[in-house]
>>> print(open('query38.txt').read())   # compact mmCIF, N, CA and C atoms
# COMPACT_ATOMS: atom_id res chain seq x y z
N SER A 887 0.84 -1.19 0.00
CA SER A 887 0.00 0.00 0.00
C SER A 887 0.88 1.25 0.00
N MET A 888 0.25 2.36 -0.26
CA MET A 888 0.97 3.63 -0.33
C MET A 888 1.61 3.97 1.03
N PHE A 889 0.94 3.62 2.11
CA PHE A 889 1.49 3.90 3.43
C PHE A 889 2.77 3.11 3.67
N GLU A 890 2.77 1.85 3.28
CA GLU A 890 3.95 1.01 3.48
C GLU A 890 5.12 1.48 2.62
N VAL A 891 4.84 1.86 1.37
CA VAL A 891 5.89 2.34 0.47
C VAL A 891 6.57 3.57 1.05
N ASN A 892 5.80 4.44 1.71
CA ASN A 892 6.34 5.68 2.26
C ASN A 892 6.68 5.56 3.75
N ASN A 893 6.68 4.33 4.26
CA ASN A 893 7.02 4.07 5.66
C ASN A 893 6.16 4.87 6.64
N VAL A 894 4.86 4.95 6.35
CA VAL A 894 3.93 5.64 7.26
C VAL A 894 3.26 4.57 8.10
N PRO A 895 3.44 4.64 9.41
CA PRO A 895 2.80 3.63 10.26
C PRO A 895 1.27 3.84 10.29
N TYR A 896 0.55 2.75 10.22
CA TYR A 896 -0.92 2.81 10.28
C TYR A 896 -1.44 1.44 10.70
N THR A 897 -2.67 1.44 11.17
CA THR A 897 -3.35 0.17 11.45
C THR A 897 -4.55 0.08 10.51
N ARG A 898 -4.98 -1.11 10.28
CA ARG A 898 -6.14 -1.31 9.41
C ARG A 898 -7.36 -0.56 9.98
N HIS A 899 -7.49 -0.60 11.30
CA HIS A 899 -8.59 0.10 11.96
C HIS A 899 -8.54 1.60 11.68
N ASP A 900 -7.31 2.17 11.79
CA ASP A 900 -7.16 3.61 11.52
C ASP A 900 -7.56 3.93 10.08
N LEU A 901 -7.16 3.10 9.15
CA LEU A 901 -7.47 3.32 7.74
C LEU A 901 -8.99 3.26 7.51
N HIS A 902 -9.65 2.26 8.08
CA HIS A 902 -11.11 2.15 7.93
C HIS A 902 -11.83 3.34 8.57
N THR A 903 -11.37 3.75 9.72
CA THR A 903 -11.97 4.90 10.40
C THR A 903 -11.79 6.16 9.58
N MET A 904 -10.60 6.34 9.02
CA MET A 904 -10.34 7.51 8.18
C MET A 904 -11.26 7.52 6.96
N ILE A 905 -11.43 6.37 6.34
CA ILE A 905 -12.31 6.28 5.17
C ILE A 905 -13.75 6.60 5.56
N GLU A 906 -14.21 6.06 6.68
CA GLU A 906 -15.57 6.33 7.15
C GLU A 906 -15.77 7.82 7.40
N LEU A 907 -14.77 8.48 7.99
CA LEU A 907 -14.88 9.91 8.27
C LEU A 907 -14.87 10.75 6.99
N MET A 908 -14.10 10.33 6.01
CA MET A 908 -14.02 11.08 4.75
C MET A 908 -15.27 10.86 3.88
N ASP A 909 -15.95 9.75 4.05
CA ASP A 909 -17.12 9.41 3.24
C ASP A 909 -18.34 10.19 3.73
N THR A 910 -18.40 11.48 3.36
CA THR A 910 -19.45 12.35 3.89
C THR A 910 -20.81 12.11 3.26
N ASP A 911 -20.86 11.49 2.08
CA ASP A 911 -22.17 11.24 1.47
C ASP A 911 -22.72 9.87 1.81
N GLY A 912 -21.97 9.07 2.58
CA GLY A 912 -22.44 7.77 3.03
C GLY A 912 -22.55 6.73 1.94
N SER A 913 -21.83 6.91 0.85
CA SER A 913 -21.92 5.98 -0.28
C SER A 913 -21.10 4.71 -0.06
N GLY A 914 -20.22 4.73 0.90
CA GLY A 914 -19.34 3.57 1.12
C GLY A 914 -18.04 3.68 0.35
N ALA A 915 -17.91 4.73 -0.43
CA ALA A 915 -16.68 4.99 -1.19
C ALA A 915 -16.32 6.47 -1.03
N ILE A 916 -15.07 6.78 -1.32
CA ILE A 916 -14.62 8.17 -1.21
C ILE A 916 -14.41 8.71 -2.61
N ASN A 917 -15.09 9.82 -2.92
CA ASN A 917 -14.84 10.44 -4.22
C ASN A 917 -13.71 11.47 -4.07
N ARG A 918 -13.37 12.08 -5.16
CA ARG A 918 -12.22 13.00 -5.16
C ARG A 918 -12.43 14.17 -4.20
N ALA A 919 -13.63 14.77 -4.21
CA ALA A 919 -13.90 15.93 -3.34
C ALA A 919 -13.80 15.53 -1.87
N GLU A 920 -14.34 14.36 -1.53
CA GLU A 920 -14.27 13.89 -0.14
C GLU A 920 -12.82 13.64 0.28
N PHE A 921 -12.06 13.04 -0.61
CA PHE A 921 -10.65 12.77 -0.30
C PHE A 921 -9.89 14.09 -0.08
N CYS A 922 -10.09 15.05 -0.98
CA CYS A 922 -9.39 16.34 -0.86
C CYS A 922 -9.76 17.05 0.43
N ARG A 923 -11.05 17.07 0.77
CA ARG A 923 -11.46 17.71 2.02
C ARG A 923 -10.84 16.99 3.22
N GLY A 924 -10.83 15.68 3.18
CA GLY A 924 -10.24 14.91 4.28
C GLY A 924 -8.77 15.22 4.46
N ILE A 925 -8.04 15.27 3.35
CA ILE A 925 -6.60 15.57 3.41
C ILE A 925 -6.38 17.00 3.89
N LEU A 926 -7.21 17.94 3.39
CA LEU A 926 -7.08 19.33 3.85
C LEU A 926 -7.31 19.44 5.35
N GLN A 927 -8.28 18.70 5.83
CA GLN A 927 -8.56 18.75 7.27
C GLN A 927 -7.37 18.22 8.06
N VAL A 928 -6.78 17.17 7.60
CA VAL A 928 -5.62 16.62 8.30
C VAL A 928 -4.45 17.59 8.20
N ALA A 929 -4.25 18.17 7.02
CA ALA A 929 -3.10 19.05 6.79
C ALA A 929 -3.25 20.40 7.47
N GLU A 930 -4.43 20.96 7.48
CA GLU A 930 -4.61 22.33 7.97
C GLU A 930 -5.42 22.40 9.26
N GLU A 931 -5.62 21.28 9.90
CA GLU A 931 -6.47 21.24 11.09
C GLU A 931 -7.91 21.55 10.64
N VAL A 932 -8.71 21.98 11.53
CA VAL A 932 -10.12 22.21 11.21
C VAL A 932 -10.31 23.68 10.85
N ARG A 933 -10.82 23.90 9.64
CA ARG A 933 -11.11 25.26 9.18
C ARG A 933 -12.62 25.48 9.21
N PRO A 934 -13.07 26.68 9.51
CA PRO A 934 -14.51 26.95 9.52
C PRO A 934 -15.19 26.63 8.17
N MET A 935 -14.51 26.95 7.09
CA MET A 935 -15.08 26.69 5.78
C MET A 935 -15.25 25.20 5.55
N LEU A 936 -14.31 24.41 6.00
CA LEU A 936 -14.39 22.96 5.86
C LEU A 936 -15.60 22.43 6.64
N ILE A 937 -15.80 22.96 7.83
CA ILE A 937 -16.95 22.54 8.63
C ILE A 937 -18.24 22.87 7.90
N MET A 938 -18.29 24.05 7.30
CA MET A 938 -19.49 24.44 6.54
C MET A 938 -19.70 23.51 5.34
N GLU A 939 -18.62 23.16 4.65
CA GLU A 939 -18.73 22.25 3.51
C GLU A 939 -19.22 20.88 3.95
N LEU A 940 -18.67 20.37 5.04
CA LEU A 940 -19.11 19.08 5.56
C LEU A 940 -20.58 19.13 5.98
N HIS A 941 -20.95 20.24 6.60
CA HIS A 941 -22.34 20.42 7.01
C HIS A 941 -23.26 20.42 5.78
N TYR A 942 -22.88 21.15 4.76
CA TYR A 942 -23.68 21.22 3.53
C TYR A 942 -23.77 19.84 2.89
N ASP A 943 -22.65 19.13 2.79
CA ASP A 943 -22.65 17.79 2.20
C ASP A 943 -23.57 16.85 2.98
N SER A 944 -23.51 16.95 4.31
CA SER A 944 -24.35 16.09 5.15
C SER A 944 -25.82 16.40 4.94
N LEU A 945 -26.15 17.69 4.90
CA LEU A 945 -27.54 18.07 4.67
C LEU A 945 -28.02 17.59 3.30
N ALA A 946 -27.20 17.76 2.28
CA ALA A 946 -27.57 17.31 0.94
C ALA A 946 -27.79 15.80 0.92
N TYR A 947 -26.92 15.07 1.59
CA TYR A 947 -27.06 13.61 1.65
C TYR A 947 -28.38 13.22 2.33
N PHE A 948 -28.65 13.81 3.49
CA PHE A 948 -29.87 13.43 4.22
C PHE A 948 -31.13 13.91 3.50
N ARG A 949 -31.06 15.05 2.83
CA ARG A 949 -32.22 15.49 2.03
C ARG A 949 -32.51 14.47 0.93
N GLY A 950 -31.47 13.99 0.30
CA GLY A 950 -31.64 12.97 -0.73
C GLY A 950 -32.25 11.70 -0.17
N ARG A 951 -31.78 11.29 0.98
CA ARG A 951 -32.33 10.09 1.62
C ARG A 951 -33.80 10.29 1.99
N ILE A 952 -34.10 11.47 2.54
CA ILE A 952 -35.49 11.77 2.92
C ILE A 952 -36.38 11.81 1.68
N ASP A 953 -35.90 12.42 0.60
CA ASP A 953 -36.69 12.45 -0.64
C ASP A 953 -36.95 11.04 -1.15
N THR A 954 -35.95 10.19 -1.09
CA THR A 954 -36.11 8.80 -1.52
C THR A 954 -37.15 8.09 -0.66
N CYS A 955 -37.06 8.29 0.65
CA CYS A 955 -38.04 7.67 1.55
C CYS A 955 -39.44 8.20 1.29
N LEU A 956 -39.55 9.49 1.06
CA LEU A 956 -40.86 10.10 0.78
C LEU A 956 -41.46 9.52 -0.50
N GLU A 957 -40.64 9.38 -1.53
CA GLU A 957 -41.13 8.78 -2.78
C GLU A 957 -41.62 7.36 -2.56
N ARG A 958 -40.86 6.60 -1.80
CA ARG A 958 -41.26 5.21 -1.51
C ARG A 958 -42.56 5.17 -0.72
N MET A 959 -42.69 6.07 0.25
CA MET A 959 -43.92 6.11 1.04
C MET A 959 -45.12 6.48 0.16
N GLN A 960 -44.94 7.42 -0.75
CA GLN A 960 -46.02 7.80 -1.66
C GLN A 960 -46.40 6.63 -2.56
N GLN A 961 -45.42 5.88 -3.04
CA GLN A 961 -45.71 4.70 -3.87
C GLN A 961 -46.46 3.65 -3.06
N GLU A 962 -46.01 3.40 -1.83
CA GLU A 962 -46.69 2.43 -0.97
C GLU A 962 -48.12 2.88 -0.67
N HIS A 963 -48.30 4.17 -0.42
CA HIS A 963 -49.63 4.71 -0.13
C HIS A 963 -50.55 4.48 -1.32
N GLU A 964 -50.06 4.72 -2.52
CA GLU A 964 -50.87 4.51 -3.72
C GLU A 964 -51.20 3.03 -3.90
N GLU A 965 -50.24 2.15 -3.65
CA GLU A 965 -50.50 0.71 -3.77
C GLU A 965 -51.54 0.26 -2.74
N ILE A 966 -51.46 0.79 -1.54
CA ILE A 966 -52.44 0.45 -0.51
C ILE A 966 -53.82 0.96 -0.91
N ARG A 967 -53.89 2.17 -1.45
CA ARG A 967 -55.17 2.73 -1.89
C ARG A 967 -55.78 1.86 -2.98
N LEU A 968 -54.97 1.44 -3.94
CA LEU A 968 -55.47 0.59 -5.02
C LEU A 968 -55.94 -0.76 -4.47
N PHE A 969 -55.20 -1.32 -3.53
CA PHE A 969 -55.59 -2.58 -2.92
C PHE A 969 -56.91 -2.43 -2.17
N ARG A 970 -57.02 -1.34 -1.38
CA ARG A 970 -58.26 -1.08 -0.64
C ARG A 970 -59.44 -0.95 -1.58
N ASP A 971 -59.27 -0.23 -2.68
CA ASP A 971 -60.36 -0.08 -3.65
C ASP A 971 -60.75 -1.42 -4.26
N ALA A 972 -59.76 -2.25 -4.55
CA ALA A 972 -60.04 -3.58 -5.12
C ALA A 972 -60.80 -4.44 -4.12
N VAL A 973 -60.41 -4.38 -2.84
CA VAL A 973 -61.11 -5.15 -1.81
C VAL A 973 -62.54 -4.66 -1.67
N ASN A 974 -62.73 -3.34 -1.65
CA ASN A 974 -64.08 -2.78 -1.55
C ASN A 974 -64.94 -3.19 -2.74
N ASP A 975 -64.37 -3.16 -3.93
CA ASP A 975 -65.10 -3.60 -5.12
C ASP A 975 -65.48 -5.07 -5.00
N GLY A 976 -64.57 -5.88 -4.50
CA GLY A 976 -64.84 -7.30 -4.31
C GLY A 976 -65.97 -7.54 -3.31
N PHE A 977 -65.97 -6.78 -2.21
CA PHE A 977 -67.05 -6.92 -1.24
C PHE A 977 -68.39 -6.48 -1.82
N ARG A 978 -68.40 -5.38 -2.58
CA ARG A 978 -69.65 -4.94 -3.21
C ARG A 978 -70.18 -6.01 -4.16
N ASP A 979 -69.28 -6.60 -4.94
CA ASP A 979 -69.69 -7.65 -5.87
C ASP A 979 -70.20 -8.87 -5.11
N LEU A 980 -69.52 -9.24 -4.04
CA LEU A 980 -69.95 -10.37 -3.23
C LEU A 980 -71.33 -10.11 -2.62
N ARG A 981 -71.53 -8.91 -2.09
CA ARG A 981 -72.82 -8.55 -1.50
C ARG A 981 -73.93 -8.62 -2.55
N ARG A 982 -73.67 -8.13 -3.75
CA ARG A 982 -74.65 -8.17 -4.84
C ARG A 982 -74.98 -9.61 -5.19
N ARG A 983 -73.96 -10.45 -5.29
CA ARG A 983 -74.19 -11.86 -5.63
C ARG A 983 -74.97 -12.57 -4.53
N MET A 984 -74.66 -12.26 -3.27
CA MET A 984 -75.38 -12.89 -2.17
C MET A 984 -76.85 -12.48 -2.20
N ASN A 985 -77.12 -11.21 -2.50
CA ASN A 985 -78.51 -10.75 -2.61
C ASN A 985 -79.23 -11.46 -3.76
N GLU A 986 -78.54 -11.66 -4.87
CA GLU A 986 -79.15 -12.38 -5.99
C GLU A 986 -79.48 -13.81 -5.60
N VAL A 987 -78.55 -14.49 -4.93
CA VAL A 987 -78.77 -15.87 -4.50
C VAL A 987 -79.91 -15.93 -3.49
N SER A 988 -79.92 -14.99 -2.55
CA SER A 988 -80.97 -14.95 -1.53
C SER A 988 -82.33 -14.75 -2.19
N GLY A 989 -82.42 -13.84 -3.15
CA GLY A 989 -83.68 -13.60 -3.86
C GLY A 989 -84.12 -14.83 -4.63
N ALA A 990 -83.19 -15.50 -5.28
CA ALA A 990 -83.52 -16.71 -6.03
C ALA A 990 -83.99 -17.80 -5.08
N ALA A 991 -83.36 -17.94 -3.94
CA ALA A 991 -83.77 -18.96 -2.96
C ALA A 991 -85.16 -18.67 -2.43
N THR A 992 -85.46 -17.40 -2.18
CA THR A 992 -86.79 -17.02 -1.70
C THR A 992 -87.84 -17.34 -2.75
N ARG A 993 -87.55 -17.01 -4.00
CA ARG A 993 -88.50 -17.31 -5.09
C ARG A 993 -88.68 -18.81 -5.23
N TYR A 994 -87.63 -19.57 -5.10
CA TYR A 994 -87.69 -21.03 -5.20
C TYR A 994 -88.54 -21.62 -4.08
N ASP A 995 -88.27 -21.15 -2.85
CA ASP A 995 -89.05 -21.63 -1.70
C ASP A 995 -90.51 -21.28 -1.85
N SER A 996 -90.80 -20.10 -2.32
CA SER A 996 -92.18 -19.66 -2.50
C SER A 996 -92.88 -20.50 -3.56
N ALA A 997 -92.21 -20.79 -4.66
CA ALA A 997 -92.79 -21.59 -5.74
C ALA A 997 -93.02 -23.01 -5.26
N ASN A 998 -92.09 -23.60 -4.53
CA ASN A 998 -92.26 -24.97 -4.02
C ASN A 998 -93.37 -25.04 -2.98
N SER A 999 -93.52 -24.02 -2.17
CA SER A 999 -94.55 -23.99 -1.15
C SER A 999 -95.92 -23.97 -1.80
N GLU A 1000 -96.14 -23.22 -2.85
CA GLU A 1000 -97.43 -23.14 -3.54
C GLU A 1000 -97.77 -24.47 -4.19
N GLU A 1001 -96.77 -25.13 -4.78
CA GLU A 1001 -97.01 -26.42 -5.42
C GLU A 1001 -97.41 -27.47 -4.38
N LYS A 1002 -96.79 -27.44 -3.23
CA LYS A 1002 -97.00 -28.44 -2.20
C LYS A 1002 -98.32 -28.23 -1.47
N ASP A 1003 -98.62 -26.99 -1.09
CA ASP A 1003 -99.80 -26.70 -0.26
C ASP A 1003 -100.99 -26.23 -1.07
N GLY A 1004 -100.87 -26.10 -2.35
CA GLY A 1004 -101.95 -25.54 -3.16
C GLY A 1004 -101.92 -24.05 -3.06
N PRO A 1005 -103.01 -23.40 -3.46
CA PRO A 1005 -103.02 -21.93 -3.39
C PRO A 1005 -102.84 -21.47 -1.95
N ALA A 1006 -102.08 -20.45 -1.78
CA ALA A 1006 -101.81 -19.93 -0.44
C ALA A 1006 -103.06 -19.30 0.13
N ARG A 1007 -103.27 -19.53 1.40
CA ARG A 1007 -104.42 -18.94 2.09
C ARG A 1007 -103.97 -17.68 2.80
N SER A 1008 -104.89 -16.80 3.00
CA SER A 1008 -104.57 -15.62 3.77
C SER A 1008 -104.46 -16.03 5.23
N ARG A 1009 -103.85 -15.23 6.05
CA ARG A 1009 -103.69 -15.56 7.46
C ARG A 1009 -105.03 -15.69 8.17
N SER A 1010 -105.96 -14.83 7.83
CA SER A 1010 -107.25 -14.90 8.51
C SER A 1010 -107.98 -16.17 8.10
N GLU A 1011 -107.85 -16.57 6.84
CA GLU A 1011 -108.50 -17.80 6.37
C GLU A 1011 -107.87 -19.00 7.05
N ALA A 1012 -106.57 -19.01 7.19
CA ALA A 1012 -105.88 -20.12 7.84
C ALA A 1012 -106.27 -20.20 9.31
N SER A 1013 -106.49 -19.06 9.95
CA SER A 1013 -106.84 -19.10 11.37
C SER A 1013 -108.25 -19.59 11.58
N ILE A 1014 -109.14 -19.45 10.61
CA ILE A 1014 -110.51 -19.96 10.72
C ILE A 1014 -110.48 -21.48 10.76
N TYR A 1015 -109.62 -22.07 9.94
CA TYR A 1015 -109.58 -23.52 9.83
C TYR A 1015 -108.73 -24.18 10.90
N SER A 1016 -108.00 -23.41 11.68
CA SER A 1016 -107.17 -24.02 12.72
C SER A 1016 -107.76 -23.72 14.07
N GLY A 1017 -107.64 -24.63 14.93
CA GLY A 1017 -108.15 -24.40 16.27
C GLY A 1017 -107.35 -25.20 17.26
N GLY A 1018 -106.85 -24.52 18.26
CA GLY A 1018 -106.10 -25.18 19.32
C GLY A 1018 -104.91 -25.98 18.84
N GLY A 1019 -104.33 -25.60 17.75
CA GLY A 1019 -103.17 -26.30 17.26
C GLY A 1019 -103.56 -27.47 16.37
N HIS A 1020 -104.86 -27.76 16.19
CA HIS A 1020 -105.29 -28.85 15.33
C HIS A 1020 -105.79 -28.30 14.02
N GLN A 1021 -105.42 -28.88 12.95
CA GLN A 1021 -105.85 -28.45 11.62
C GLN A 1021 -107.19 -29.14 11.35
N LEU A 1022 -108.18 -28.38 10.99
CA LEU A 1022 -109.48 -28.96 10.64
C LEU A 1022 -109.52 -29.33 9.19
N GLN A 1023 -110.20 -30.39 8.91
CA GLN A 1023 -110.35 -30.86 7.54
C GLN A 1023 -111.39 -29.99 6.84
N GLU A 1024 -111.25 -29.77 5.58
CA GLU A 1024 -112.23 -28.99 4.83
C GLU A 1024 -113.29 -29.88 4.29
>>> encode(input="query38.txt", output="structure tokens")
Amino acid sequence: SMFEVNNVPYTRHDLHTMIELMDTDGSGAINRAEFCRGILQVAEEVRPMLIMELHYDSLAYFRGRIDTCLERMQQEHEEIRLFRDAVNDGFRDLRRRMNEVSGAATRYDSANSEEKDGPARSRSEASIYSGGGHQLQE
């Protein structure tokens, strides 16, 4: 490595820590601007302008992350809305079908009852022919 060639003592931990500190955009790699700022900081100590640049870079990075998260949340919200609408449509269709089946069953029962018992009697007529729970013969 460059450190060994120039007889600069270092540890792997120091090198990783230095890279992490220089990686101001959190990409996992150091670009040229990050490297130059890192070297300037080491060479010239901490300058107010450098702090402002690091602050700006950090804000830009986090704004980008927040924008990405916001976009994902909006996409998820739209997918949930579409799913909810599909479920509601399915329930409306199911309710309509159940009402159709219920109506058909009622019509079927009514038709079978008339065939079995003959013409339907009114309630008052049926009560005339019944007494004490016994059906009277006509």
>>> atom_distance(input="query38.txt", atom1="atom N of Ala919 of chain A", atom2="atom CA of Phe889 of chain A")
20.1 Å
>>> atom_distance(input="query38.txt", atom1="atom CA of Phe948 of chain A", atom2="atom CA of Thr910 of chain A")
10.5 Å
>>> atom_distance(input="query38.txt", atom1="atom CA of Tyr947 of chain A", atom2="atom CA of Asn917 of chain A")
13.9 Å
>>> closest_residue(input="query38.txt", among="A:Asp911, A:Glu920, A:Glu965, A:Asp975", to="Ala946 of chain A", atoms="only N, CA and C atoms")
A:Asp911
>>> residues_around(input="query38.txt", residues="Gly914 of chain A", least_positions_apart="6", cutoff="12 Å", atoms="only C-alpha atoms", output="PyMOL selection string")
chain A and resi 902-903+905-908+920
